[in-house]
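Q: mmCIF, C-alpha atoms, saved as entry_13.cif, coming up:
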data_data
#
loop_
_atom_site.label_atom_id
_atom_site.label_comp_id
_atom_site.auth_asym_id
_atom_site.auth_seq_id
_atom_site.Cartn_x
_atom_site.Cartn_y
_atom_site.Cartn_z
CA MET A 115 0.00 0.00 0.00
CA ASN A 116 1.30 3.46 -0.87
CA SER A 117 3.09 5.32 1.95
CA ASN A 118 0.82 8.33 1.34
CA GLU A 119 -2.11 6.22 2.58
CA PHE A 120 -0.47 5.79 5.99
CA ALA A 121 0.49 9.47 6.14
CA LYS A 122 -3.14 10.48 5.52
CA ARG A 123 -4.30 8.21 8.33
CA ARG A 124 -1.80 9.63 10.80
CA LYS A 125 -2.76 13.19 9.91
CA GLN A 126 -6.46 12.40 10.29
CA LEU A 127 -5.88 10.78 13.67
CA MET A 128 -3.77 13.71 14.90
CA ARG A 129 -6.50 16.16 13.84
CA MET A 130 -8.99 14.13 15.88
CA MET A 131 -6.62 14.03 18.87
CA GLY A 132 -6.19 17.79 18.85
CA PRO A 133 -3.26 19.79 20.23
CA ASP A 134 -1.60 19.08 23.56
CA ALA A 135 -1.95 15.32 23.04
CA VAL A 136 0.31 12.34 22.37
CA ALA A 137 -0.50 8.84 21.10
CA ILE A 138 1.51 5.68 21.75
CA ILE A 139 1.02 2.59 19.57
CA ALA A 140 3.07 -0.58 20.04
CA ALA A 141 3.93 -3.26 17.51
CA ALA A 142 2.78 -6.82 18.17
CA PRO A 143 5.24 -8.87 20.21
CA VAL A 144 6.83 -12.02 18.85
CA ARG A 145 5.00 -15.14 20.05
CA ILE A 146 6.72 -18.46 20.76
CA ARG A 147 5.19 -21.51 19.08
CA ASN A 148 7.38 -24.13 20.72
CA ARG A 149 11.00 -24.42 21.80
CA ASP A 150 13.25 -22.15 19.69
CA VAL A 151 10.47 -21.63 17.14
CA GLU A 152 8.33 -18.53 16.74
CA PHE A 153 4.86 -18.22 15.25
CA SER A 154 4.90 -16.56 11.85
CA TYR A 155 4.93 -12.86 12.67
CA ARG A 156 1.86 -10.77 11.94
CA GLN A 157 1.88 -7.08 12.82
CA ASP A 158 -0.71 -5.59 15.19
CA SER A 159 -3.55 -4.27 13.03
CA ASP A 160 -3.71 -0.80 14.62
CA PHE A 161 0.05 -0.39 14.34
CA ALA A 162 0.07 -1.60 10.73
CA TYR A 163 -2.88 0.68 9.88
CA LEU A 164 -0.96 3.79 10.97
CA THR A 165 2.59 2.89 9.97
CA GLY A 166 2.79 0.07 7.42
CA PHE A 167 5.87 -0.99 9.42
CA PRO A 168 6.16 -4.81 9.44
CA GLU A 169 8.76 -5.44 12.16
CA PRO A 170 8.38 -6.37 15.84
CA GLU A 171 10.02 -4.42 18.68
CA ALA A 172 8.70 -1.08 17.47
CA VAL A 173 6.68 1.78 18.98
CA ALA A 174 5.05 4.66 17.09
CA VAL A 175 4.52 8.01 18.82
CA LEU A 176 2.28 10.72 17.35
CA ILE A 177 2.62 14.25 18.73
CA PRO A 178 0.33 16.73 16.95
CA GLY A 179 1.87 20.14 16.39
CA ARG A 180 5.39 19.23 17.53
CA LYS A 181 7.76 21.23 15.34
CA GLN A 182 10.74 18.87 15.44
CA ALA A 183 8.76 15.74 14.53
CA GLU A 184 5.09 14.78 14.78
CA TYR A 185 5.66 11.09 13.97
CA ILE A 186 8.48 9.27 15.76
CA LEU A 187 9.19 5.59 15.24
CA PHE A 188 11.26 3.62 17.71
CA CYS A 189 12.57 0.42 16.10
CA ARG A 190 15.49 -1.99 16.01
CA GLU A 191 18.85 -0.78 14.73
CA ARG A 192 20.50 -2.33 11.70
CA ASP A 193 22.59 -5.29 12.81
CA PRO A 194 24.49 -7.33 10.20
CA VAL A 195 24.84 -10.33 12.53
CA MET A 196 21.15 -10.52 13.46
CA GLU A 197 20.08 -9.79 9.88
CA THR A 198 22.13 -12.80 8.77
CA TRP A 199 20.03 -14.96 11.08
CA ASN A 200 16.60 -13.34 10.87
CA GLY A 201 16.46 -11.09 7.82
CA TYR A 202 16.50 -7.41 6.88
CA ARG A 203 15.78 -4.62 9.36
CA ALA A 204 14.77 -1.13 8.29
CA GLY A 205 16.74 0.61 11.03
CA GLN A 206 16.48 4.31 11.74
CA GLU A 207 17.26 5.36 8.18
CA GLY A 208 14.67 3.00 6.68
CA ALA A 209 12.06 4.06 9.24
CA CYS A 210 12.29 7.60 7.87
CA GLU A 211 13.02 7.01 4.19
CA ILE A 212 10.78 4.00 3.56
CA TYR A 213 8.09 4.27 6.22
CA GLY A 214 7.72 8.05 6.47
CA ALA A 215 8.74 8.68 10.08
CA ASP A 216 9.78 12.28 10.83
CA ASP A 217 12.40 10.92 13.21
CA SER A 218 13.47 7.51 14.47
CA PHE A 219 15.39 6.22 17.48
CA PRO A 220 16.67 2.78 18.49
CA ILE A 221 14.07 0.84 20.48
CA THR A 222 16.75 0.29 23.15
CA ASP A 223 16.69 4.05 23.87
CA ILE A 224 12.93 4.31 24.42
CA ASP A 225 13.12 4.39 28.23
CA ASP A 226 15.39 7.44 28.05
CA ILE A 227 13.51 9.34 25.32
CA LEU A 228 9.77 8.60 25.51
CA PRO A 229 9.06 10.00 29.00
CA GLY A 230 10.38 13.35 27.81
CA LEU A 231 7.95 13.28 24.89
CA LEU A 232 5.05 12.81 27.32
CA GLU A 233 6.02 15.73 29.54
CA GLY A 234 3.77 18.76 29.24
CA ARG A 235 1.12 16.96 27.19
CA ALA A 236 -2.41 17.09 28.63
CA ARG A 237 -3.73 13.86 27.09
CA VAL A 238 -2.18 10.48 26.41
CA TYR A 239 -3.97 8.31 23.86
CA TYR A 240 -3.14 4.67 24.48
CA THR A 241 -5.14 1.44 24.40
CA VAL A 242 -4.63 -0.63 27.54
CA GLY A 243 -4.90 -4.41 27.47
CA GLU A 244 -3.72 -5.24 23.96
CA HIS A 245 -0.12 -5.89 25.02
CA PRO A 246 -0.02 -6.27 28.85
CA GLU A 247 3.78 -6.30 29.14
CA PHE A 248 4.02 -3.01 27.26
CA ASP A 249 1.22 -1.56 29.41
CA GLN A 250 3.52 -1.85 32.42
CA ARG A 251 6.25 0.10 30.65
CA VAL A 252 3.82 2.91 29.76
CA PHE A 253 2.61 3.11 33.38
CA GLY A 254 6.24 3.19 34.50
CA TRP A 255 7.05 6.16 32.24
CA ILE A 256 4.04 8.10 33.46
CA ASN A 257 4.88 7.40 37.10
CA ARG A 258 8.42 8.64 36.48
CA ILE A 259 7.01 11.95 35.15
CA ARG A 260 4.74 12.25 38.21
CA GLU A 261 7.76 11.86 40.47
CA GLY A 262 9.26 14.94 38.80
CA ALA A 263 6.18 17.11 39.41
CA ARG A 264 7.88 18.95 42.28
CA ARG A 265 10.60 20.04 39.85
CA GLY A 266 7.95 21.66 37.66
CA VAL A 267 7.50 18.73 35.28
CA ARG A 268 3.89 18.53 34.13
CA PRO A 269 2.51 15.00 33.90
CA PRO A 270 -0.43 14.21 31.58
CA ASP A 271 -3.82 14.93 33.13
CA GLU A 272 -5.98 12.64 31.01
CA TYR A 273 -5.64 9.12 29.63
CA VAL A 274 -7.85 8.20 26.70
CA SER A 275 -8.25 4.85 24.97
CA LEU A 276 -6.88 5.31 21.47
CA GLU A 277 -9.33 2.78 20.05
CA HIS A 278 -12.26 5.21 20.37
CA LEU A 279 -10.77 7.34 17.59
CA LEU A 280 -8.71 4.81 15.68
CA HIS A 281 -11.31 2.07 15.44
CA ASP A 282 -13.91 4.48 14.15
CA MET A 283 -11.45 5.47 11.42
CA ARG A 284 -10.86 1.83 10.52
CA LEU A 285 -14.59 1.25 10.10
CA PHE A 286 -14.61 3.34 6.91
CA LYS A 287 -12.54 1.80 4.13
CA SER A 288 -10.60 3.92 1.65
CA LYS A 289 -10.21 3.10 -2.04
CA ALA A 290 -6.84 1.50 -1.34
CA GLU A 291 -8.32 -0.68 1.40
CA ILE A 292 -11.24 -1.74 -0.77
CA LYS A 293 -8.79 -2.68 -3.52
CA ASN A 294 -6.99 -5.02 -1.10
CA MET A 295 -10.29 -6.47 0.09
CA ARG A 296 -11.39 -7.16 -3.47
CA GLU A 297 -8.14 -9.02 -4.06
CA ALA A 298 -8.58 -11.05 -0.86
CA ALA A 299 -12.12 -11.83 -2.01
CA ARG A 300 -10.98 -12.84 -5.50
CA ILE A 301 -8.38 -15.26 -4.13
CA SER A 302 -10.89 -16.72 -1.67
CA VAL A 303 -13.60 -17.15 -4.32
CA GLU A 304 -11.20 -19.09 -6.54
CA ALA A 305 -10.31 -21.37 -3.63
CA HIS A 306 -13.98 -22.10 -2.89
CA ARG A 307 -14.66 -22.87 -6.54
CA ARG A 308 -11.67 -25.22 -6.63
CA ALA A 309 -12.83 -27.00 -3.46
CA MET A 310 -16.26 -27.63 -4.97
CA GLN A 311 -14.67 -29.08 -8.08
CA ILE A 312 -12.40 -31.55 -6.31
CA CYS A 313 -14.75 -32.57 -3.49
CA ARG A 314 -15.92 -36.19 -3.47
CA PRO A 315 -16.73 -38.97 -0.99
CA GLY A 316 -13.64 -40.57 0.54
CA LEU A 317 -11.57 -37.43 0.70
CA THR A 318 -10.91 -35.93 4.13
CA GLU A 319 -11.70 -32.54 5.58
CA TYR A 320 -7.98 -31.80 5.84
CA GLN A 321 -7.44 -32.58 2.17
CA ILE A 322 -10.08 -29.98 1.28
CA GLU A 323 -8.44 -27.56 3.71
CA ALA A 324 -5.11 -28.17 1.97
CA GLU A 325 -6.59 -26.92 -1.32
CA TYR A 326 -7.45 -23.61 0.33
CA LEU A 327 -4.05 -23.23 1.98
CA TYR A 328 -2.28 -24.04 -1.28
CA HIS A 329 -4.33 -21.54 -3.27
CA PHE A 330 -3.89 -18.79 -0.68
CA ARG A 331 -0.10 -19.13 -0.54
CA LYS A 332 0.11 -19.47 -4.31
CA ASN A 333 -1.53 -16.04 -4.54
CA ARG A 334 0.72 -14.21 -2.02
CA SER A 335 -1.81 -14.42 0.76
CA GLU A 336 -2.46 -16.50 3.85
CA PRO A 337 -5.48 -17.70 5.82
CA ALA A 338 -7.26 -14.81 7.50
CA TYR A 339 -8.31 -17.30 10.22
CA PRO A 340 -8.12 -21.08 10.73
CA PRO A 341 -10.41 -22.62 8.09
CA ILE A 342 -13.54 -24.44 9.21
CA VAL A 343 -14.04 -27.57 7.08
CA GLY A 344 -16.91 -29.55 8.55
CA GLY A 345 -18.58 -32.50 6.87
CA GLY A 346 -21.95 -33.83 8.02
CA ASN A 347 -22.63 -33.31 11.71
CA ASN A 348 -19.33 -31.45 12.16
CA ALA A 349 -20.92 -28.51 10.34
CA CYS A 350 -23.20 -28.06 13.36
CA VAL A 351 -20.16 -27.07 15.48
CA LEU A 352 -19.87 -23.36 14.71
CA HIS A 353 -16.11 -23.08 15.25
CA TYR A 354 -15.10 -26.60 14.22
CA THR A 355 -11.40 -26.58 13.21
CA GLU A 356 -10.19 -30.15 13.76
CA ASN A 357 -10.78 -30.80 10.04
CA ALA A 358 -9.85 -34.45 10.52
CA ASP A 359 -12.75 -36.64 9.33
CA GLU A 360 -13.52 -38.47 6.11
CA LEU A 361 -16.18 -36.98 3.83
CA ILE A 362 -19.21 -39.25 3.60
CA ASP A 363 -21.39 -39.79 0.55
CA GLY A 364 -24.74 -38.08 1.15
CA ASP A 365 -23.42 -35.49 3.63
CA LEU A 366 -23.08 -31.76 3.20
CA LEU A 367 -19.72 -30.02 3.62
CA LEU A 368 -19.55 -26.57 5.21
CA VAL A 369 -16.37 -24.59 4.53
CA ASP A 370 -15.70 -21.23 6.17
CA ALA A 371 -12.39 -19.97 4.77
CA GLY A 372 -10.95 -16.67 3.58
CA ALA A 373 -7.62 -15.24 2.51
CA GLU A 374 -5.78 -12.30 4.03
CA PHE A 375 -4.08 -10.17 1.39
CA ASP A 376 -1.69 -7.42 2.52
CA TYR A 377 -3.37 -7.29 5.96
CA TYR A 378 -6.97 -7.30 4.63
CA ALA A 379 -9.32 -10.24 5.12
CA ALA A 380 -11.99 -12.02 3.16
CA ASP A 381 -14.50 -14.25 4.97
CA ILE A 382 -16.60 -16.66 2.91
CA THR A 383 -18.71 -19.66 3.87
CA ARG A 384 -20.17 -22.07 1.36
CA THR A 385 -22.06 -25.31 1.98
CA PHE A 386 -22.22 -27.96 -0.71
CA PRO A 387 -22.96 -31.68 -1.08
CA VAL A 388 -19.99 -34.04 -0.82
CA ASN A 389 -21.24 -36.08 -3.79
CA GLY A 390 -22.27 -33.06 -5.86
CA ARG A 391 -26.05 -33.43 -5.46
CA PHE A 392 -28.31 -32.04 -2.74
CA SER A 393 -30.86 -34.44 -1.27
CA PRO A 394 -34.46 -33.10 -1.10
CA ALA A 395 -34.15 -32.38 2.63
CA GLN A 396 -30.76 -30.70 2.22
CA ARG A 397 -32.03 -28.60 -0.65
CA ALA A 398 -35.14 -27.52 1.27
CA LEU A 399 -33.11 -26.27 4.23
CA TYR A 400 -30.46 -24.75 1.99
CA GLU A 401 -33.04 -22.73 0.06
CA VAL A 402 -34.33 -21.29 3.36
CA VAL A 403 -30.84 -20.13 4.36
CA LEU A 404 -30.19 -18.73 0.88
CA ALA A 405 -33.45 -16.80 0.94
CA ALA A 406 -32.55 -15.44 4.38
CA GLN A 407 -29.17 -14.28 3.13
CA GLU A 408 -30.70 -12.61 0.08
CA ALA A 409 -33.23 -10.85 2.33
CA ALA A 410 -30.45 -9.61 4.61
CA ILE A 411 -28.28 -8.39 1.73
CA SER A 412 -31.25 -6.50 0.27
CA LYS A 413 -31.44 -4.58 3.57
CA THR A 414 -27.69 -3.89 3.71
CA ARG A 415 -27.61 -0.33 2.47
CA ALA A 416 -26.67 3.15 3.62
CA GLY A 417 -29.21 4.69 5.98
CA THR A 418 -30.47 1.47 7.56
CA HIS A 419 -29.11 0.40 10.92
CA TRP A 420 -26.99 -2.60 11.88
CA ASN A 421 -29.81 -4.79 13.17
CA ILE A 422 -32.14 -4.51 10.17
CA PRO A 423 -30.35 -7.10 7.94
CA HIS A 424 -30.22 -9.50 10.90
CA MET A 425 -33.94 -9.22 11.55
CA ALA A 426 -34.67 -9.71 7.84
CA ALA A 427 -32.70 -12.97 8.00
CA VAL A 428 -34.41 -14.03 11.24
CA GLU A 429 -37.86 -13.48 9.78
CA THR A 430 -37.08 -15.46 6.62
CA LEU A 431 -35.44 -18.31 8.55
CA THR A 432 -38.30 -18.55 11.04
CA ALA A 433 -40.93 -18.57 8.29
CA GLY A 434 -38.98 -21.28 6.48
CA LEU A 435 -38.67 -23.41 9.60
CA VAL A 436 -42.43 -23.16 10.14
CA GLU A 437 -43.11 -24.16 6.55
CA LEU A 438 -40.84 -27.20 6.87
CA GLY A 439 -42.43 -28.22 10.17
CA LEU A 440 -39.33 -27.63 12.30
CA LEU A 441 -41.09 -24.90 14.25
CA LYS A 442 -44.77 -24.74 15.12
CA GLY A 443 -46.77 -21.61 15.83
CA LYS A 444 -47.35 -18.14 14.48
CA LEU A 445 -44.46 -16.18 12.99
CA ARG A 446 -44.44 -13.06 15.20
CA PRO A 447 -44.60 -14.87 18.58
CA LEU A 448 -41.89 -17.31 17.40
CA ILE A 449 -39.61 -14.39 16.48
CA LYS A 450 -40.40 -12.50 19.69
CA ASN A 451 -39.65 -15.60 21.78
CA GLU A 452 -36.50 -16.30 19.72
CA SER A 453 -37.65 -19.86 19.08
CA TYR A 454 -35.40 -19.91 16.00
CA ARG A 455 -32.30 -19.84 18.24
CA ARG A 456 -32.46 -23.61 18.63
CA PHE A 457 -31.38 -23.84 14.99
CA TYR A 458 -29.82 -20.39 14.43
CA MET A 459 -27.84 -19.17 17.41
CA HIS A 460 -25.53 -16.47 16.03
CA ARG A 461 -25.81 -13.01 14.52
CA THR A 462 -26.08 -12.46 10.77
CA GLY A 463 -22.79 -10.65 10.37
CA HIS A 464 -19.82 -8.68 11.68
CA TRP A 465 -17.52 -5.91 10.53
CA LEU A 466 -14.71 -6.99 8.20
CA GLY A 467 -11.36 -5.40 7.42
CA MET A 468 -7.83 -5.85 8.75
CA ASP A 469 -9.28 -8.17 11.38
CA VAL A 470 -11.79 -10.83 10.40
CA HIS A 471 -14.03 -9.71 13.23
CA ASP A 472 -13.04 -6.14 12.59
CA VAL A 473 -13.09 -3.23 14.99
CA GLY A 474 -15.91 -0.69 15.22
CA ASP A 475 -18.93 -0.19 17.45
CA TYR A 476 -22.19 -1.94 16.60
CA LYS A 477 -24.10 0.54 18.72
CA VAL A 478 -23.65 4.26 19.28
CA GLY A 479 -24.96 4.91 22.76
CA ASP A 480 -27.99 2.63 23.00
CA GLN A 481 -28.86 2.85 19.29
CA TRP A 482 -27.80 0.45 16.55
CA ARG A 483 -25.16 1.92 14.26
CA VAL A 484 -26.44 3.33 10.97
CA LEU A 485 -24.74 1.81 7.91
CA GLU A 486 -22.71 4.26 5.81
CA PRO A 487 -20.78 4.05 2.54
CA GLY A 488 -17.32 2.55 3.00
CA MET A 489 -18.31 0.07 5.71
CA VAL A 490 -17.71 -3.62 4.98
CA LEU A 491 -19.55 -6.42 6.76
CA THR A 492 -20.32 -10.08 6.40
CA VAL A 493 -23.82 -11.46 5.85
CA GLU A 494 -23.97 -15.06 7.08
CA PRO A 495 -27.22 -16.67 8.20
CA GLY A 496 -27.27 -20.39 8.91
CA LEU A 497 -29.24 -23.36 10.19
CA TYR A 498 -27.77 -26.18 12.31
CA ILE A 499 -29.59 -29.40 13.20
CA PRO A 500 -27.28 -31.83 15.02
CA VAL A 501 -27.76 -35.59 15.05
CA ASP A 502 -30.10 -36.74 17.86
CA SER A 503 -32.08 -33.46 17.86
CA LYS A 504 -35.14 -34.30 19.95
CA GLY A 505 -38.50 -33.84 18.30
CA VAL A 506 -36.95 -33.36 14.86
CA ALA A 507 -37.45 -35.82 12.00
CA LYS A 508 -34.30 -37.83 11.23
CA LYS A 509 -34.16 -36.58 7.64
CA TRP A 510 -32.95 -33.22 9.03
CA TRP A 511 -30.32 -34.63 11.39
CA GLY A 512 -26.66 -33.82 10.77
CA ILE A 513 -27.35 -30.90 8.46
CA GLY A 514 -25.41 -27.69 9.08
CA ILE A 515 -25.69 -24.87 6.55
CA ARG A 516 -24.16 -21.40 6.48
CA ILE A 517 -23.85 -19.05 3.52
CA GLU A 518 -21.56 -16.06 4.00
CA ASP A 519 -20.54 -13.19 1.77
CA ASP A 520 -18.59 -9.96 2.22
CA VAL A 521 -20.60 -6.83 1.48
CA LEU A 522 -19.42 -3.27 0.88
CA VAL A 523 -21.97 -0.58 1.69
CA THR A 524 -22.08 1.98 -1.13
CA ARG A 525 -24.24 4.98 -1.94
CA ALA A 526 -26.03 2.80 -4.50
CA GLY A 527 -26.68 -0.15 -2.17
CA ALA A 528 -24.82 -3.38 -1.44
CA ASP A 529 -21.71 -4.44 -3.38
CA VAL A 530 -21.13 -8.16 -2.75
CA LEU A 531 -17.36 -8.54 -3.01
CA THR A 532 -17.53 -12.35 -2.96
CA SER A 533 -20.33 -12.87 -5.47
CA GLY A 534 -18.13 -15.07 -7.66
CA ALA A 535 -18.42 -18.01 -5.27
CA PRO A 536 -21.44 -20.10 -6.37
CA LYS A 537 -24.32 -20.33 -3.92
CA GLN A 538 -27.41 -21.10 -6.01
CA VAL A 539 -28.19 -24.83 -5.86
CA ASP A 540 -28.08 -25.28 -9.64
CA GLU A 541 -24.80 -23.34 -9.88
CA ILE A 542 -23.15 -25.49 -7.22
CA GLU A 543 -24.34 -28.77 -8.73
CA ALA A 544 -23.24 -27.68 -12.21
CA LEU A 545 -19.76 -26.74 -11.00
CA MET A 546 -19.36 -29.91 -8.97
CA GLY A 547 -20.58 -31.98 -11.90
CA ALA A 548 -17.81 -30.44 -13.99
CA GLY A 549 -15.20 -31.62 -11.48
CA SER A 550 -13.23 -34.82 -11.91
CA HIS A 551 -14.92 -37.16 -9.40
#
As structure tokens, what does this structure read like?
A:
Amino acid sequence: MNSNEFAKRRKQLMRMMGPDAVAIIAAAPVRIRNRDVEFSYRQDSDFAYLTGFPEPEAVAVLIPGRKQAEYILFCRERDPVMETWNGYRAGQEGACEIYGADDSFPITDIDDILPGLLEGRARVYYTVGEHPEFDQRVFGWINRIREGARRGVRPPDEYVSLEHLLHDMRLFKSKAEIKNMREAARISVEAHRRAMQICRPGLTEYQIEAEYLYHFRKNRSEPAYPPIVGGGNNACVLHYTENADELIDGDLLLVDAGAEFDYYAADITRTFPVNGRFSPAQRALYEVVLAAQEAAISKTRAGTHWNIPHMAAVETLTAGLVELGLLKGKLRPLIKNESYRRFYMHRTGHWLGMDVHDVGDYKVGDQWRVLEPGMVLTVEPGLYIPVDSKGVAKKWWGIGIRIEDDVLVTRAGADVLTSGAPKQVDEIEALMGAGSH
């Protein structure tokens, strides 16, 4: 992403902070996977959003109106020995020339320099709880300033969670962000199409998962989250990730998988028959979920509030369950009593962006958030009927269905970024019939 994009974000945030303020944002720490091995490093989303800086052991400081430097980046120094072992470091020169910092200091000097940058500032913007070890260092710096109050040093008076400003910014996607999200969606759609084509009885869930992982890495991306690949009754476990079982002829397969491209996520779920053909019962339930998703997407537009698409899905699902005999009673009382929650126990969507469950408030005060252009959300109704469901005919047992797409709110309505992944029954069966079974 162009460095100007990050500069615009920093300037916008500093305008919102106002004068007499300072913001501190820490990079994600390195996490240990097992002895002498680290997890693949992924930068903290807030830090990446403001800096584009990909390295650990870094701290960004924003000081609106400071003449010497408004944006200071503390990071590791260049070190030929360590770079031989672990790869290139930007160092202080790279922090300024490549990543746009006004000034940069070695991270080892932060204890000596940062407290002085906090002195005389009225407000400190910092989000507590994201990185507990770093929290203690921040508290230590502030306490050190307080100890100097008798010498005329002015400690900050107010401490504000940075996420209140920053996460509201992240809720509205720029053109550059939407471009990345379209690419993540394109890669993910191709992977779902490929999975439908190769799926057949006798394969395993992990073999299907491998197709997604291969396609993501082949396209310079990675999984945005651990893929859910659940055949048969496993699809009724909402966060099933074991992905270990054999695919059985006659079962459905639910796959929830999306790529992350340059820090931006896609999130798609498709449900399709292992053998390429829906049974009558599977098709009946599937059509209810599809209708619910279409109803929700039709309500996903600027000017409506967050809960309206969800309620459109709930109404369609409940009516469908009544028609199929899975619920008994009148529609309005069933919705009011949330009788549908036996078979549909989650919300219809969430914000999407740098994080799969992206930041941003769903309510402002006690009111649902109004949808505005530039917001991106998922729309993902489902129905789940586990084996041994009491009072439910056996033909419905072991069926779990979810259909999920990524939707950009525009002035014109809803732009479904993931529309290329088949979800109509005839489309799915045609694509699976074209595969080499």
Q: Considering all atoms listed in the file, can you say which of A:Asp160, A:Asp223, A:Asp520, A:Glu336 comes closest to A:Ala380?
A: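 Residue with the minimum atom-to-atom distance to A:Ala380: A:Asp520.
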Q: Do a neighbour search on stretch 357-369 of chain A at 6 Å with all atoms listed in the file, toss out local chain neighbours closer than 5 positions, and write the hits as a PyMOL selection string.
A: chain A and resi 315-320+342-346+349+383-389
Q: Within 8 Å of A:Asp381, counting all atoms listed in the file, which residues show up once you throw out same-chain ones fewer than 2 positions away? Write them as a list in words, please.
A: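 The neighbour list is Ala299, Ser302, Ala338, Asp370, Ala371, Gly372, Ala373, Ala379, Thr383, Leu466, Val470, Thr492, Glu518, Asp519 and Asp520 of chain A.
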Q: Mind pulling up the distance from atom CA of A:His281 to atom CA of A:Ile221?
A: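 These atoms are spaced 25.9 Å apart.
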Q: Which residues come within 8 Å of stretch 439-444 of chain A, counting all atoms listed in the file, excluding same-chain residues fewer than 5 positions away, as a list in words?
A: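 Result of the neighbour search: Thr432, Ser453, Tyr454 and Val506 of chain A.
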